[in-house]
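S.K.: Here you go, final-v7.cif (mmCIF, C-alpha atoms):
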data_target
loop_
_atom_site.label_atom_id
_atom_site.label_comp_id
_atom_site.auth_asym_id
_atom_site.auth_seq_id
_atom_site.Cartn_x
_atom_site.Cartn_y
_atom_site.Cartn_z
CA MET N 1 158.88 145.91 88.60
CA LEU N 2 159.96 149.54 88.92
CA GLU N 3 160.57 149.02 92.63
CA LYS N 4 162.85 146.05 91.92
CA LEU N 5 164.70 148.08 89.29
CA SER N 6 165.13 150.91 91.78
CA ASP N 7 166.47 148.50 94.41
CA PHE N 8 168.85 147.07 91.82
CA THR N 9 170.28 150.46 90.82
CA GLN N 10 170.57 151.59 94.44
CA ASN N 11 172.46 148.46 95.47
CA LYS N 12 175.94 149.58 96.53
CA TYR N 13 177.62 146.44 95.21
CA ILE N 14 175.98 146.84 91.80
CA ARG N 15 176.83 150.57 91.67
CA ASN N 16 180.48 149.87 92.41
CA ILE N 17 180.61 147.19 89.73
CA VAL N 18 178.91 149.47 87.19
CA THR N 19 181.40 152.24 87.98
CA LEU N 20 184.40 149.99 87.42
CA VAL N 21 182.99 148.04 84.47
CA SER N 22 181.92 151.20 82.64
CA GLY N 23 185.33 152.75 83.20
CA THR N 24 187.07 149.55 82.15
CA THR N 25 184.87 149.24 79.05
CA VAL N 26 185.86 152.73 77.96
CA ALA N 27 189.47 152.02 78.93
CA GLN N 28 189.53 149.02 76.62
CA GLY N 29 187.19 150.39 73.96
CA ILE N 30 189.52 153.27 73.11
CA PRO N 31 192.65 151.10 72.63
CA LEU N 32 190.65 148.59 70.59
CA LEU N 33 189.53 151.37 68.26
CA LEU N 34 193.07 152.71 68.08
CA MET N 35 194.35 149.17 67.44
CA VAL N 36 192.91 149.60 63.95
CA PHE N 37 195.68 152.15 63.35
CA LEU N 38 198.38 150.23 65.22
CA THR N 39 197.94 147.14 63.02
CA ARG N 40 198.51 149.34 59.98
CA ILE N 41 201.54 151.12 61.47
CA TYR N 42 203.38 148.18 63.03
CA SER N 43 204.12 144.76 61.52
CA PRO N 44 203.34 141.35 63.09
CA ASP N 45 207.08 141.03 63.84
CA GLU N 46 207.02 144.28 65.84
CA PHE N 47 203.91 143.11 67.71
CA GLY N 48 205.79 139.91 68.49
CA ALA N 49 208.82 141.75 69.94
CA TRP N 50 206.53 143.97 72.03
CA THR N 51 204.79 140.89 73.42
CA LEU N 52 208.08 139.27 74.45
CA CYS N 53 209.31 142.45 76.18
CA LEU N 54 206.04 142.81 78.07
CA SER N 55 206.10 139.13 79.05
CA ILE N 56 209.56 139.45 80.60
CA ALA N 57 208.59 142.63 82.49
CA THR N 58 205.35 141.09 83.74
CA LEU N 59 207.10 138.01 85.13
CA ILE N 60 209.68 140.14 86.97
CA SER N 61 207.04 142.55 88.31
CA LEU N 62 205.25 139.68 90.08
CA ILE N 63 208.36 139.10 92.17
CA SER N 64 209.10 142.79 92.70
CA THR N 65 206.20 143.51 95.07
CA GLY N 66 206.08 140.12 96.73
CA ARG N 67 202.37 140.24 95.88
CA TYR N 68 201.91 142.25 99.07
CA GLU N 69 199.65 144.64 97.15
CA LEU N 70 196.92 141.98 97.37
CA ALA N 71 197.04 142.24 101.17
CA ILE N 72 196.49 146.02 101.28
CA ILE N 73 192.70 145.62 101.51
CA LEU N 74 192.76 142.94 104.23
CA PRO N 75 193.76 144.65 107.54
CA GLU N 76 191.11 146.47 109.52
CA SER N 77 193.66 149.11 110.56
CA ASP N 78 194.62 151.78 108.02
CA LYS N 79 198.05 152.03 109.64
CA GLU N 80 198.70 148.36 108.98
CA ALA N 81 197.44 148.69 105.40
CA LEU N 82 199.78 151.65 104.87
CA GLY N 83 202.71 149.56 106.05
CA ILE N 84 201.91 146.88 103.48
CA PHE N 85 201.48 149.52 100.77
CA TRP N 86 204.94 150.97 101.31
CA LEU N 87 206.43 147.50 101.58
CA ALA N 88 205.20 146.79 98.05
CA ILE N 89 206.37 150.20 96.75
CA TYR N 90 209.89 149.89 98.16
CA GLY N 91 210.19 146.25 97.15
CA CYS N 92 209.37 147.10 93.55
CA LEU N 93 211.90 149.94 93.51
CA ILE N 94 214.67 147.68 94.84
CA VAL N 95 214.00 144.98 92.24
CA THR N 96 213.94 147.59 89.45
CA LEU N 97 217.33 148.96 90.49
CA ALA N 98 218.65 145.40 90.69
CA CYS N 99 217.50 144.78 87.10
CA TYR N 100 219.39 147.84 85.88
CA LEU N 101 222.46 146.69 87.82
CA VAL N 102 222.33 143.27 86.15
CA LEU N 103 222.00 144.85 82.70
CA ALA N 104 224.90 147.20 83.43
CA ILE N 105 227.18 144.36 84.54
CA ALA N 106 226.01 141.78 81.99
CA PRO N 107 224.15 143.52 79.14
CA THR N 108 223.73 140.25 77.22
CA THR N 109 221.67 138.67 80.02
CA ILE N 110 218.49 139.10 77.98
CA SER N 111 219.91 136.63 75.43
CA LEU N 112 219.32 133.86 77.96
CA VAL N 113 215.59 134.41 77.53
CA THR N 114 215.23 135.16 73.82
CA SER N 115 217.41 135.48 70.74
CA ASP N 116 215.14 138.11 69.18
CA VAL N 117 217.31 141.11 68.27
CA ARG N 118 214.37 143.51 68.64
CA VAL N 119 213.91 142.44 72.26
CA ARG N 120 217.61 142.83 73.06
CA ASP N 121 217.52 146.35 71.63
CA GLN N 122 214.73 147.26 74.09
CA ALA N 123 216.26 145.58 77.15
CA LEU N 124 216.82 148.85 79.05
CA LEU N 125 213.10 149.60 78.88
CA ILE N 126 212.14 146.37 80.67
CA PRO N 127 213.08 147.51 84.23
CA ALA N 128 211.12 150.73 83.65
CA MET N 129 208.05 148.65 82.83
CA VAL N 130 208.65 146.52 85.94
CA LEU N 131 208.55 149.66 88.09
CA ALA N 132 205.47 151.01 86.31
CA LEU N 133 203.55 147.74 86.67
CA GLY N 134 204.44 147.28 90.34
CA TRP N 135 203.62 150.81 91.45
CA TYR N 136 200.45 150.91 89.35
CA GLN N 137 199.16 147.74 91.02
CA ALA N 138 200.04 148.86 94.55
CA ILE N 139 198.31 152.22 94.13
CA ASN N 140 195.27 150.55 92.56
CA PHE N 141 194.81 148.39 95.64
CA ARG N 142 195.18 151.46 97.84
CA LEU N 143 192.28 153.01 95.91
CA ILE N 144 190.24 149.82 96.22
CA ARG N 145 190.71 149.83 99.98
CA ASP N 146 189.42 153.41 100.09
CA SER N 147 186.53 152.47 97.74
CA GLU N 148 187.74 155.07 95.22
CA TYR N 149 186.24 153.14 92.30
CA ARG N 150 185.54 156.20 90.18
CA GLN N 151 189.16 157.33 90.40
CA LEU N 152 190.28 153.80 89.60
CA SER N 153 188.16 153.80 86.44
CA LEU N 154 189.41 157.23 85.33
CA ASN N 155 193.02 156.23 85.66
CA ARG N 156 192.49 152.97 83.79
CA ILE N 157 191.11 155.03 80.93
CA LEU N 158 194.09 157.38 81.06
CA ASN N 159 196.56 154.50 81.17
CA SER N 160 195.15 152.49 78.26
CA ALA N 161 194.14 155.39 76.02
CA GLY N 162 197.32 157.33 76.72
CA GLY N 163 199.48 154.30 76.02
CA SER N 164 197.79 153.67 72.66
CA LEU N 165 198.09 157.31 71.63
CA PHE N 166 201.80 157.35 72.48
CA GLN N 167 202.27 154.16 70.45
CA ILE N 168 200.56 155.70 67.43
CA LEU N 169 202.53 158.95 67.77
CA LEU N 170 205.89 157.17 68.00
CA GLY N 171 204.99 154.99 65.02
CA VAL N 172 203.66 157.74 62.76
CA LEU N 173 206.59 160.05 63.48
CA ASN N 174 208.93 157.07 63.08
CA LEU N 175 210.56 157.97 66.39
CA ILE N 176 212.44 154.86 67.54
CA LYS N 177 209.65 152.92 65.83
CA GLN N 178 211.18 149.57 66.73
CA SER N 179 210.50 150.43 70.40
CA GLY N 180 207.32 152.42 69.81
CA LEU N 181 204.85 149.82 71.07
CA PHE N 182 206.73 149.06 74.29
CA LEU N 183 207.83 152.62 75.07
CA GLY N 184 204.34 153.95 74.33
CA GLN N 185 202.85 151.53 76.83
CA ILE N 186 205.35 152.59 79.49
CA LEU N 187 204.43 156.23 78.88
CA GLY N 188 200.76 155.29 79.33
CA TYR N 189 201.49 153.87 82.77
CA ALA N 190 203.58 156.94 83.59
CA SER N 191 200.62 159.16 82.68
CA ALA N 192 198.34 157.22 85.03
CA LEU N 193 200.87 157.35 87.87
CA LEU N 194 201.24 161.10 87.39
CA ALA N 195 197.46 161.47 87.49
CA TYR N 196 197.34 159.57 90.78
CA SER N 197 199.67 162.10 92.39
CA THR N 198 197.74 165.12 91.07
CA ARG N 199 194.11 163.96 91.32
CA VAL N 200 194.50 162.05 94.57
CA PRO N 201 197.18 164.08 96.40
CA ASN N 202 196.96 161.90 99.52
CA ILE N 203 197.52 158.61 97.69
CA LEU N 204 201.20 158.66 98.63
CA ALA N 205 200.57 160.46 101.90
CA GLY N 206 200.94 158.84 105.25
CA SER N 207 204.21 157.72 106.69
CA THR N 208 204.99 154.33 108.12
CA ASP N 209 207.86 152.84 110.06
CA LEU N 210 210.07 149.83 109.53
CA LYS N 211 208.53 148.03 112.50
CA THR N 212 205.04 148.22 110.98
CA MET N 213 206.30 147.26 107.55
CA PHE N 214 208.17 144.22 108.82
CA SER N 215 205.39 143.11 111.18
CA GLN N 216 202.83 143.25 108.37
CA GLY N 217 205.29 141.61 106.01
CA LYS N 218 205.58 138.74 108.49
CA ARG N 219 201.82 138.61 109.06
CA TYR N 220 201.12 138.23 105.35
CA ILE N 221 204.21 136.19 104.55
CA ARG N 222 202.08 133.67 102.66
CA PHE N 223 201.75 136.13 99.81
CA PRO N 224 205.45 136.08 98.82
CA LEU N 225 205.93 132.46 99.89
CA ILE N 226 202.85 130.93 98.27
CA ASP N 227 201.13 133.49 96.08
CA VAL N 228 204.27 134.68 94.26
CA PRO N 229 205.06 131.14 93.04
CA ALA N 230 201.38 130.61 92.19
CA ALA N 231 201.09 133.91 90.33
CA PHE N 232 204.42 133.28 88.61
CA LEU N 233 203.15 129.90 87.41
CA ASN N 234 199.92 131.51 86.20
CA THR N 235 201.71 134.30 84.35
CA ALA N 236 204.26 131.86 82.98
CA SER N 237 201.40 129.68 81.74
CA ASN N 238 200.00 132.68 79.87
CA HIS N 239 203.34 133.95 78.55
CA ILE N 240 205.46 130.85 77.88
CA PRO N 241 203.42 130.14 74.71
CA PHE N 242 204.65 133.53 73.43
CA PHE N 243 208.29 132.48 73.75
CA PHE N 244 207.58 129.06 72.26
CA ILE N 245 205.61 130.41 69.30
CA GLY N 246 208.28 133.00 68.58
CA ALA N 247 211.05 130.40 68.65
CA GLN N 248 209.18 127.62 66.81
CA PHE N 249 206.94 129.45 64.34
CA GLY N 250 208.58 132.88 64.02
CA ALA N 251 207.94 136.45 65.18
CA GLY N 252 205.23 136.95 62.56
CA GLN N 253 203.11 134.06 63.87
CA LEU N 254 203.72 135.29 67.40
CA GLY N 255 202.42 138.72 66.38
CA ILE N 256 199.25 137.14 64.98
CA TYR N 257 198.67 135.22 68.22
CA ALA N 258 199.58 138.25 70.34
CA LEU N 259 196.96 140.41 68.64
CA THR N 260 194.33 137.80 69.50
CA MET N 261 195.29 137.89 73.16
CA ARG N 262 195.45 141.69 73.21
CA ALA N 263 192.24 142.39 71.29
CA LEU N 264 190.25 139.65 73.01
CA GLY N 265 192.01 138.53 76.15
CA ALA N 266 192.99 141.90 77.60
CA PRO N 267 189.49 143.47 77.50
CA MET N 268 187.84 140.36 78.97
CA VAL N 269 190.48 140.09 81.68
CA LEU N 270 190.19 143.77 82.60
CA VAL N 271 186.39 143.69 82.77
CA ALA N 272 186.65 140.56 84.92
CA ASN N 273 189.21 142.37 87.07
CA ALA N 274 186.75 145.23 87.53
CA PHE N 275 184.37 142.70 89.08
CA LEU N 276 187.28 141.23 91.04
CA ASP N 277 188.21 144.63 92.50
CA VAL N 278 184.73 145.03 93.96
CA PHE N 279 184.36 141.34 94.87
CA ARG N 280 187.61 141.43 96.86
CA ARG N 281 186.40 144.24 99.07
CA GLU N 282 182.75 143.24 99.47
CA ALA N 283 183.51 139.53 99.96
CA SER N 284 186.14 140.39 102.59
CA ILE N 285 183.60 142.50 104.47
CA GLU N 286 180.90 139.81 104.28
CA PHE N 287 183.36 137.14 105.41
CA ASN N 288 184.56 139.23 108.38
CA GLU N 289 180.96 139.86 109.44
CA THR N 290 179.40 136.42 108.86
CA GLY N 291 182.22 133.92 108.40
CA SER N 292 181.12 133.25 104.81
CA CYS N 293 180.86 135.08 101.49
CA LYS N 294 178.43 132.73 99.74
CA LYS N 295 175.82 135.40 98.98
CA ILE N 296 178.23 137.72 97.21
CA TRP N 297 179.84 134.74 95.42
CA ILE N 298 176.52 133.62 93.95
CA LYS N 299 175.51 137.17 93.01
CA THR N 300 178.81 137.76 91.23
CA PHE N 301 178.69 134.39 89.46
CA ARG N 302 175.22 135.05 88.04
CA ILE N 303 176.16 138.48 86.72
CA LEU N 304 179.40 137.26 85.13
CA ALA N 305 177.79 134.22 83.52
CA ALA N 306 174.99 136.32 82.01
CA ILE N 307 176.88 139.27 80.57
CA ALA N 308 179.52 137.18 78.77
CA VAL N 309 177.13 135.01 76.74
CA LEU N 310 176.46 137.37 73.82
CA PRO N 311 180.09 138.48 73.26
CA THR N 312 181.17 134.84 73.33
CA LEU N 313 178.61 133.82 70.70
CA VAL N 314 179.56 136.72 68.43
CA LEU N 315 183.22 135.89 68.77
CA TYR N 316 182.70 132.18 68.15
CA PHE N 317 180.77 132.63 64.91
CA LEU N 318 182.19 135.91 63.55
CA GLY N 319 185.74 136.12 64.93
CA ALA N 320 187.63 135.81 61.62
CA PHE N 321 185.27 138.19 59.81
CA LEU N 322 185.46 140.87 62.51
CA PHE N 323 189.25 140.75 62.83
CA GLY N 324 189.68 140.99 59.07
CA LEU N 325 187.21 143.88 58.92
CA PHE N 326 188.74 145.96 61.70
CA PHE N 327 192.43 145.10 61.58
CA GLY N 328 192.94 144.25 57.92
CA ASP N 329 193.28 141.03 55.94
CA THR N 330 196.77 140.43 57.34
CA TRP N 331 195.21 139.74 60.73
CA THR N 332 192.32 137.43 59.73
CA GLU N 333 194.12 134.45 61.26
CA SER N 334 193.99 136.23 64.63
CA GLY N 335 190.20 136.10 64.38
CA GLU N 336 190.28 132.38 63.65
CA ILE N 337 192.35 131.85 66.79
CA ALA N 338 189.88 133.99 68.75
CA SER N 339 186.96 131.82 67.62
CA ALA N 340 188.81 128.68 68.69
CA LEU N 341 189.45 130.14 72.16
CA ALA N 342 186.01 131.76 72.66
CA VAL N 343 184.56 129.13 75.02
CA MET N 344 187.74 129.01 77.09
CA PHE N 345 187.69 132.79 77.48
CA TYR N 346 184.06 132.64 78.60
CA ILE N 347 184.80 130.14 81.36
CA ARG N 348 187.90 132.07 82.41
CA PHE N 349 185.92 135.31 82.52
CA VAL N 350 183.42 133.77 84.96
CA SER N 351 185.97 131.91 87.05
CA SER N 352 188.79 134.44 87.47
CA PRO N 353 187.13 137.03 89.77
CA LEU N 354 185.77 134.29 92.02
CA SER N 355 189.20 132.72 92.41
CA TYR N 356 189.99 135.32 95.09
CA THR N 357 187.73 133.29 97.37
CA ALA N 358 190.75 131.11 98.19
CA TYR N 359 192.60 134.15 99.56
CA ILE N 360 189.68 135.26 101.70
CA TYR N 361 189.55 131.80 103.29
CA ASP N 362 193.34 131.80 103.72
CA LYS N 363 193.61 128.83 101.36
CA GLN N 364 196.36 130.09 99.06
CA ILE N 365 197.59 126.53 98.74
CA ILE N 366 194.52 125.75 96.63
CA ASP N 367 195.47 128.48 94.21
CA PHE N 368 199.07 127.27 94.12
CA VAL N 369 198.05 123.69 93.28
CA TRP N 370 195.70 124.95 90.57
CA GLN N 371 198.33 127.25 89.08
CA ALA N 372 200.84 124.39 89.07
CA SER N 373 198.27 122.29 87.21
CA LEU N 374 197.74 125.09 84.67
CA PHE N 375 201.48 125.39 84.15
CA THR N 376 201.76 121.62 83.68
CA VAL N 377 199.05 121.41 81.01
CA THR N 378 200.57 124.44 79.25
CA ILE N 379 203.93 122.70 79.02
CA GLY N 380 202.13 119.53 77.93
CA SER N 381 200.32 121.42 75.16
CA ILE N 382 203.62 122.91 73.98
CA ILE N 383 205.36 119.52 73.92
CA VAL N 384 202.53 117.89 71.97
CA SER N 385 202.43 120.70 69.39
CA LEU N 386 206.23 120.73 69.18
CA LYS N 387 206.35 117.04 68.29
CA ALA N 388 203.64 117.52 65.68
CA ASN N 389 205.06 120.91 64.60
CA SER N 390 201.45 122.13 64.56
CA PHE N 391 200.34 125.59 65.64
CA ASP N 392 196.67 124.59 65.34
CA LEU N 393 197.23 121.69 67.73
CA LEU N 394 198.72 124.08 70.28
CA ILE N 395 195.61 126.29 70.15
CA SER N 396 193.15 123.39 70.45
CA SER N 397 195.12 121.85 73.33
CA ILE N 398 195.17 125.13 75.24
CA ALA N 399 191.45 125.72 74.63
CA THR N 400 190.45 122.29 75.94
CA SER N 401 192.78 121.91 78.92
CA TYR N 402 192.30 125.47 80.18
CA SER N 403 188.51 125.19 79.99
CA VAL N 404 188.54 122.07 82.16
CA LEU N 405 190.83 123.62 84.76
CA TYR N 406 188.80 126.84 85.06
CA LEU N 407 185.64 124.77 85.56
CA ILE N 408 187.38 122.84 88.33
CA TYR N 409 188.37 126.09 90.05
CA LEU N 410 184.75 127.27 89.95
CA VAL N 411 183.58 124.07 91.64
CA VAL N 412 186.29 124.28 94.31
CA THR N 413 185.54 127.90 95.25
CA TYR N 414 181.81 127.17 95.38
CA TYR N 415 182.54 124.28 97.73
CA LEU N 416 184.52 126.65 99.97
CA VAL N 417 181.74 129.21 100.31
CA SER N 418 179.03 126.55 100.65
CA SER N 419 180.78 124.59 103.39
CA SER N 420 181.49 127.74 105.41
CA ALA N 421 177.89 128.92 104.99
CA ASP N 422 176.62 125.59 106.32
CA ARG N 423 178.80 125.92 109.42
CA THR N 424 177.59 129.45 110.18
CA GLU N 425 173.89 128.69 109.81
#
Written as structure tokens, how would this file's structure read?
M.R.:
Amino acid sequence: MLEKLSDFTQNKYIRNIVTLVSGTTVAQGIPLLLMVFLTRIYSPDEFGAWTLCLSIATLISLISTGRYELAIILPESDKEALGIFWLAIYGCLIVTLACYLVLAIAPTTISLVTSDVRVRDQALLIPAMVLALGWYQAINFRLIRDSEYRQLSLNRILNSAGGSLFQILLGVLNLIKQSGLFLGQILGYASALLAYSTRVPNILAGSTDLKTMFSQGKRYIRFPLIDVPAAFLNTASNHIPFFFIGAQFGAGQLGIYALTMRALGAPMVLVANAFLDVFRREASIEFNETGSCKKIWIKTFRILAAIAVLPTLVLYFLGAFLFGLFFGDTWTESGEIASALAVMFYIRFVSSPLSYTAYIYDKQIIDFVWQASLFTVTIGSIIVSLKANSFDLLISSIATSYSVLYLIYLVVTYYLVSSSADRTE
């Protein structure tokens, strides 16, 4: 028994996961604790405006890097990886400057997306968030390639905790409070980016040339051509409900829903992403060596399925009580929404890290078709709830349809690894 435990703790894959998960847990635990103060400083309407601003920035940031950051870990040559890294960095900078140019020429452009006055007042902050998100992601993948998991965890803590502290400070001091949530989050990312340059001085080191950048851009052209549309559909599926809820049910209802997704969705997604960061690297290595990554797929699936059971049960039965207890009676409805979405979040938690299997097998088209399906059922859920003018119907439709689609993705990725394993045996 002790020998098995020793083997378990000495397993490199497990150690890397523990490093990232522990760091991610702290990174999300601190903001969740500080959220108790945020919900008493900011109103549901202000949470709603913050959510819309972040949604717009997130959608633009997907395009800004061309999703080339995902390819940083794939080449065997460090020189080639460096070319992809700088391609993502420069691409993000160009898109950010283009956003500012559009706002300078046509400052009312944001009105095409939302009529919320609070969002329009924060429009100039959106390109800054686009730059922060794009650079943060590119540098994270550079760290993953170098197996710098400890540094990755430390900077996630700095980003999330720093952002929450800035939000509280701006709110308490009533300094541009209407922008406090969004600006505070941007400052959190800025803190993490600054830490990258000081703690890992060589993270931006290493020059490249245009020839390498363009050759690698051409080699991994499927990322902007296929993965950008797929990722855009996925992000749109997650964020379009925000715009619909705000327009149909008001900023207050949007704030209630947004707190659910932030308090529940964000931690689960980030913990799953910690597994994904390690799975990407280890599965790529196993695939390059054996032609299959079935062993690491099964190992990851078992761990994910086991660790999410207890939190899901607690959330399902005690969601409303816990939200009311920690965030105040105003936010009890957020807990009710969390309970309704608990099973869906469980399936998504297990499925999401393993979805990268499609990229390893160069089957991005599978991900695109699945993302298109997710987008379709999201629009369908919105249309059904719009006709019935029912917020509860929207939640139940999303919970059911998303659960089915995530289960399908699990089956498809398992088929991929199983069929390749059979061919290599």
S.K.: The PyMOL selection byres ((chain N and resi 139) around 9) - which residues does that actually catch in the file I just gave you? List them as a ChimeraX atom specification.
M.R.: /N:69,85,89,134-138,140-144,193,196,203-204
S.K.: Which residues of region 278-347 of chain N come within 10 Å of region 249-272 of chain N, and for each one, what is the closest pair of atoms and their distance in Å to one decimal, counting all atoms listed in the file, sorted by chain and residue number, as JSON lines?
M.R.:
{"residue": "N:Leu304", "atom": "CA", "partner": "N:Ala272", "partner_atom": "CA", "distance": 8.0}
{"residue": "N:Ala308", "atom": "CA", "partner": "N:Met268", "partner_atom": "CA", "distance": 8.9}
{"residue": "N:Pro311", "atom": "CA", "partner": "N:Met268", "partner_atom": "CA", "distance": 9.8}
{"residue": "N:Leu315", "atom": "CA", "partner": "N:Leu264", "partner_atom": "CA", "distance": 9.0}
{"residue": "N:Gly319", "atom": "CA", "partner": "N:Thr260", "partner_atom": "CA", "distance": 9.9}
{"residue": "N:Phe323", "atom": "CA", "partner": "N:Thr260", "partner_atom": "CA", "distance": 8.9}
{"residue": "N:Phe327", "atom": "CA", "partner": "N:Leu259", "partner_atom": "CA", "distance": 9.6}
{"residue": "N:Thr330", "atom": "CA", "partner": "N:Ile256", "partner_atom": "CA", "distance": 8.7}
{"residue": "N:Trp331", "atom": "CA", "partner": "N:Ile256", "partner_atom": "CA", "distance": 6.4}
{"residue": "N:Thr332", "atom": "CA", "partner": "N:Ile256", "partner_atom": "CA", "distance": 8.7}
{"residue": "N:Glu333", "atom": "CA", "partner": "N:Ile256", "partner_atom": "CA", "distance": 6.9}
{"residue": "N:Ser334", "atom": "CA", "partner": "N:Thr260", "partner_atom": "CA", "distance": 5.1}
{"residue": "N:Gly335", "atom": "CA", "partner": "N:Thr260", "partner_atom": "CA", "distance": 6.8}
{"residue": "N:Glu336", "atom": "CA", "partner": "N:Thr260", "partner_atom": "CA", "distance": 8.9}
{"residue": "N:Ile337", "atom": "CA", "partner": "N:Thr260", "partner_atom": "CA", "distance": 6.8}
{"residue": "N:Ala338", "atom": "CA", "partner": "N:Thr260", "partner_atom": "CA", "distance": 5.9}
{"residue": "N:Ser339", "atom": "CA", "partner": "N:Thr260", "partner_atom": "CA", "distance": 9.7}
{"residue": "N:Leu341", "atom": "CA", "partner": "N:Thr260", "partner_atom": "CA", "distance": 9.5}
{"residue": "N:Ala342", "atom": "CA", "partner": "N:Leu264", "partner_atom": "CA", "distance": 9.0}
{"residue": "N:Phe345", "atom": "CA", "partner": "N:Gly265", "partner_atom": "CA", "distance": 7.3}
{"residue": "N:Tyr346", "atom": "CA", "partner": "N:Met268", "partner_atom": "CA", "distance": 8.6}
S.K.: What gap, in Å, lies between CA of Arg67 (chain N) and CA of Ala231 (chain N)?
M.R.: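 Here the two named atoms are 8.5 Å from each other.
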S.K.: So, counting all atoms listed in the file, which residue among N:Val404, N:Val18, N:Leu170, N:Ala372 is closest to Thr235 (chain N)?
M.R.: N:Ala372
S.K.: May I ask for the distance between CA of Phe279 (chain N) and CA of Phe375 (chain N), given in Å to one decimal place?
M.R.: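 According to the coordinates, CA of Phe279 (chain N) and CA of Phe375 (chain N) are separated by 25.7 Å.
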S.K.: If the PyMOL selection byres ((chain N and resi 162) around 12) is run on the structure shown, which residues does it catch, given as a CSV table (one decimal) with C-alpha atoms, in the frame of the given file?
M.R.:
chain,number,residue,atom,x,y,z
N,27,ALA,CA,189.5,152.0,78.9
N,28,GLN,CA,189.5,149.0,76.6
N,30,ILE,CA,189.5,153.3,73.1
N,31,PRO,CA,192.6,151.1,72.6
N,34,LEU,CA,193.1,152.7,68.1
N,154,LEU,CA,189.4,157.2,85.3
N,155,ASN,CA,193.0,156.2,85.7
N,156,ARG,CA,192.5,153.0,83.8
N,157,ILE,CA,191.1,155.0,80.9
N,158,LEU,CA,194.1,157.4,81.1
N,159,ASN,CA,196.6,154.5,81.2
N,160,SER,CA,195.2,152.5,78.3
N,161,ALA,CA,194.1,155.4,76.0
N,163,GLY,CA,199.5,154.3,76.0
N,164,SER,CA,197.8,153.7,72.7
N,165,LEU,CA,198.1,157.3,71.6
N,166,PHE,CA,201.8,157.4,72.5
N,167,GLN,CA,202.3,154.2,70.4
N,168,ILE,CA,200.6,155.7,67.4
N,169,LEU,CA,202.5,159.0,67.8
N,183,LEU,CA,207.8,152.6,75.1
N,184,GLY,CA,204.3,154.0,74.3
N,185,GLN,CA,202.8,151.5,76.8
N,186,ILE,CA,205.4,152.6,79.5
N,187,LEU,CA,204.4,156.2,78.9
N,188,GLY,CA,200.8,155.3,79.3
N,189,TYR,CA,201.5,153.9,82.8
N,190,ALA,CA,203.6,156.9,83.6
N,191,SER,CA,200.6,159.2,82.7
N,192,ALA,CA,198.3,157.2,85.0
N,193,LEU,CA,200.9,157.4,87.9
N,194,LEU,CA,201.2,161.1,87.4
N,195,ALA,CA,197.5,161.5,87.5
S.K.: Mind giving me the straight-line distance from CA of Phe214 (chain N) to CA of Trp86 (chain N) in Å, one decimal?
M.R.: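 CA of Trp86 (chain N) lies 10.6 Å from CA of Phe214 (chain N).
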S.K.: List the residues matched by the PyMOL selection byres ((chain N and resi 356) around 10) in the displayed structure as a compact mmCIF listing (two decimals) with C-alpha atoms, in the coordinates of the input, ordered by chain and then by residue number.
M.R.:
# COMPACT_ATOMS: atom_id res chain seq x y z
CA LEU N 70 196.92 141.98 97.37
CA LEU N 276 187.28 141.23 91.04
CA ASP N 277 188.21 144.63 92.50
CA PHE N 279 184.36 141.34 94.87
CA ARG N 280 187.61 141.43 96.86
CA ALA N 283 183.51 139.53 99.96
CA SER N 284 186.14 140.39 102.59
CA SER N 351 185.97 131.91 87.05
CA SER N 352 188.79 134.44 87.47
CA PRO N 353 187.13 137.03 89.77
CA LEU N 354 185.77 134.29 92.02
CA SER N 355 189.20 132.72 92.41
CA THR N 357 187.73 133.29 97.37
CA ALA N 358 190.75 131.11 98.19
CA TYR N 359 192.60 134.15 99.56
CA ILE N 360 189.68 135.26 101.70
CA TYR N 361 189.55 131.80 103.29
CA ASP N 362 193.34 131.80 103.72
CA LYS N 363 193.61 128.83 101.36
CA GLN N 364 196.36 130.09 99.06
CA ASP N 367 195.47 128.48 94.21
CA THR N 413 185.54 127.90 95.25
S.K.: Return the single residue from N:Asp121, N:Glu148, N:Glu286, N:Asp227 that is closest to Ile176 (chain N), with distances computed using only C-alpha atoms.
M.R.: N:Asp121
S.K.: The residues within 6 Å of (190.4, 126.6, 70.5), using all atoms listed in the file and the coordinates of the file, should be reported as number ranges by chain; which are they?
M.R.: N: 340-341, 395-396, 399
S.K.: If you count all atoms listed in the file, which residues fall within 10 Å of Asp116 (chain N), apart from same-chain ones fewer than 5 positions away, as a tab-separated table (two decimals) with C-alpha atoms, in the frame of the given file?
M.R.:
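File result16.tsv, as written:
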chain	number	residue	atom	x	y	z
N	48	GLY	CA	205.79	139.91	68.49
N	49	ALA	CA	208.82	141.75	69.94
N	52	LEU	CA	208.08	139.27	74.45
N	110	ILE	CA	218.49	139.10	77.98
N	111	SER	CA	219.91	136.63	75.43
N	121	ASP	CA	217.52	146.35	71.63
N	243	PHE	CA	208.29	132.48	73.75
N	246	GLY	CA	208.28	133.00	68.58
N	247	ALA	CA	211.05	130.40	68.65
N	250	GLY	CA	208.58	132.88	64.02
N	251	ALA	CA	207.94	136.45	65.18
S.K.: Counting all atoms listed in the file, which of N:Leu374, N:Leu410, N:Ala98, N:Leu32 gets nearest to Leu233 (chain N)?
M.R.: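 Looking at the shortest contact to Leu233 (chain N), the residue is N:Leu374.
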S.K.: For Lys177 (chain N), which residue out of N:Thr51, N:Asn238, N:Thr376, N:Ser43 is the nearest one, using all atoms listed in the file?
M.R.: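 So, comparing all the options, the nearest one is N:Ser43.
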S.K.: Here is a test: counting all atoms listed in the file, which residue of N:Thr300, N:Thr39, N:Thr109, N:Gln248 is nearest to Leu394 (chain N)?
M.R.: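 Of all the options, N:Gln248 lies closest to Leu394 (chain N).
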